[in-house]
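Asks: Handing you this structure, nothing more for now.
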Amino acid sequence: MIKLQGINKYFGDNHVLKDINLHVKQGEKVVVIGPSGSGKSTMIRCINQLERPDSGDVIVDGINLMKSKAQLKQIRQEAAMVFQQFNLYPHKTVLENLTIAPILVQGKSKEEACQTGLEFLERVGLKDKADAYPAQLSGGQQQRVAIARALNMHPKIMLFDEPTSALDPEMIKEVLDVMVDLAHSGITMVCVTHEMGFAREVADHVIFMADGQILETATPEAFFDNPQNERAQQFLSKIL
Amino acid sequence: MDVNNPFALYKWQALFDARDIFIGGLITTLEVTIGALVLSILLGIIFGIAGVFPNKIIRVINRIYVEFFQNTPLVIQVIFIYNALPHLHIMLPVLLIGILGVGLYTGAYMAEVVRGGIMAVPKGQLEAAVSQGFSYWQAMWYIVLPQAKKVMLPAMANQTINLVKNTSVLAMIAGGDLMYQADSWSGSNMYYGPAYFVSGCCYWIICFALSKYINKLEKKAGV
């Protein structure tokens, strides 16, 4: 479903991604962890080309995005992203946040977009907030709306870029619950997070990154109980 | 004694009798204002977006336009257009020259207002929209600009009020506007007092009404 091959990315002189290779099969849940500045977010943002790699291939759903820019729009609809800062549209109501892209980008009718939108809002437990504005919601509620907004594109892939890092501790669980529920629905998921409990519960693979490289790929059990890489051992000893 | 009083009653009488000239000037001023305002907002949006565009060449074009028109006097620009166009065999009515001159000049300021407004919208907004499959222009139009509007409105209001007053530059090229009519009428009979006082009041009323109207718009937009 997602293939990153030999990805390199520079910000100026800073070599932030060094020869990254990643393969995510359909329906797989991959959790990416690692210290900050390790290139996790940059890597996930390469998948939908919010960052364009300087070299390498990004193949999503069989399309090489480095070669065919024309199909980028299509892939972005298939691979929905949830951001650390939520990035809800503040001038739109919750329901409008869910429906604007399906209507404008996917050409759905307003009725259809609203109907599915309300279903997804119900799924994240916020149907009663459909007419509220994002600023009237708590951080946890905003992030659940952002997840519903992503789902209303009917994506094949969900990309999460540190979805709980900007939240107060008591709101993290409500967002993780939604994500766990989503993980069990069979969608392909790539998630950058520091939530180790979440990684243990849903991940098929845990990927450990540091200094722009993937240093270890393992099942959650193997990774958390018996990490092979020295950097990973150090990292885990500090946070667990 | 009366002759030395710039505001002598008979001078007001003469002004009243010549009111059609002043009303004509006022109408011309309003026409130039509306035309130049529309032009400057269009230019402001186009060049303002150019100022934040991903492509560097387009950003440079924005800088050239803004720096050129902001840093030379409006009077020179208008006189230049007035004198240069005939050499290119382009004959424009003086009203259009006024609209063009004032519009181009104010457009540079509007472009900076639009650019500042767009930059005040968090980068994540554009990213979120683009990640949902919006094109750059869709994201600008539906997501970024509506949010930038709140930042832009008060500054645009200031520019609009400046624009009204700046239309008086047409007096320099016999533009037939309010300032020109006050100038030429009082130049022939020396009744400067009432002529400039009344003209000044007209500009004040237009600008004050505008600023009140814009205040209302701002409240509606929740500034």
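Order determines the names: the first chain of the structure tokens is A, the second B, and so forth; residues in each chain are numbered 1 upward, and ligands are numbered 1 upward as they are shown.
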Please report as a ChimeraX atom specification which residues of chain A come no farther than 12 Å from chain B, using only C-alpha atoms.

Replies: /A:45-51,70-92,96-107,146,149-155,158-159,161

Asks: Which polymer residues have any atom within 7 Å of an atom of range 22-39 of chain A, counting only C-alpha atoms, with same-chain residues fewer than 3 positions away left out, as a ChimeraX atom specification?

Replies: /A:1-5,16-17,42-43,186-194,199,202-212

Asks: Could you tell me which of B:Val164, B:Ala84, B:Ile79, B:Leu178 comes closest to Ala195 in chain B if we count only C-alpha atoms?

Replies: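 The closest residue to Ala195 in chain B is B:Leu178.
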
Asks: Name the residues of range 9-221 of chain B that come out as alpha helix (DSSP H) in a backbone DSSP run; write them as a ChimeraX atom specification.

Replies: /B:9-17,19-50,56-70,74-87,94-119,123-131,136-138,145-166,178-189,192-221

Asks: Do you know which residues are at most 9 Å from Ala108 in chain B counting only C-alpha atoms, after dropping those on the same chain fewer than 5 positions away, and could you put them as an MDAnalysis selection string?

Replies: chainID B and resid 40 43:44 47:48 62 65:70 103 113

Asks: Once DSSP has gone over the backbone, tell me which residues of range 116-169 of chain A are in strand (DSSP E), as a list of chain:residue names.

Replies: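 Here are the strand (DSSP E) residues of range 116-169 of chain A: A:Ile157, A:Met158, A:Leu159, A:Phe160, A:Asp161.
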
Asks: Smallest atom-to-atom distance to Leu9 in chain B: which of B:Tyr191, B:Tyr196, B:Trp204, B:Tyr180, using only C-alpha atoms?

Replies: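 Nearest to Leu9 in chain B: B:Tyr191.
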
Asks: Would you list the contacts of Arg200 in chain A as a list in words, taking every protein, DNA or RNA residue within 9 Å and counting only C-alpha atoms, but skipping same-chain residues closer than 5 positions in sequence?

Replies: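 Surrounding residues, per the criterion: Glu195, Val206, Thr219, Pro220, Glu221 and Phe224 of chain A.
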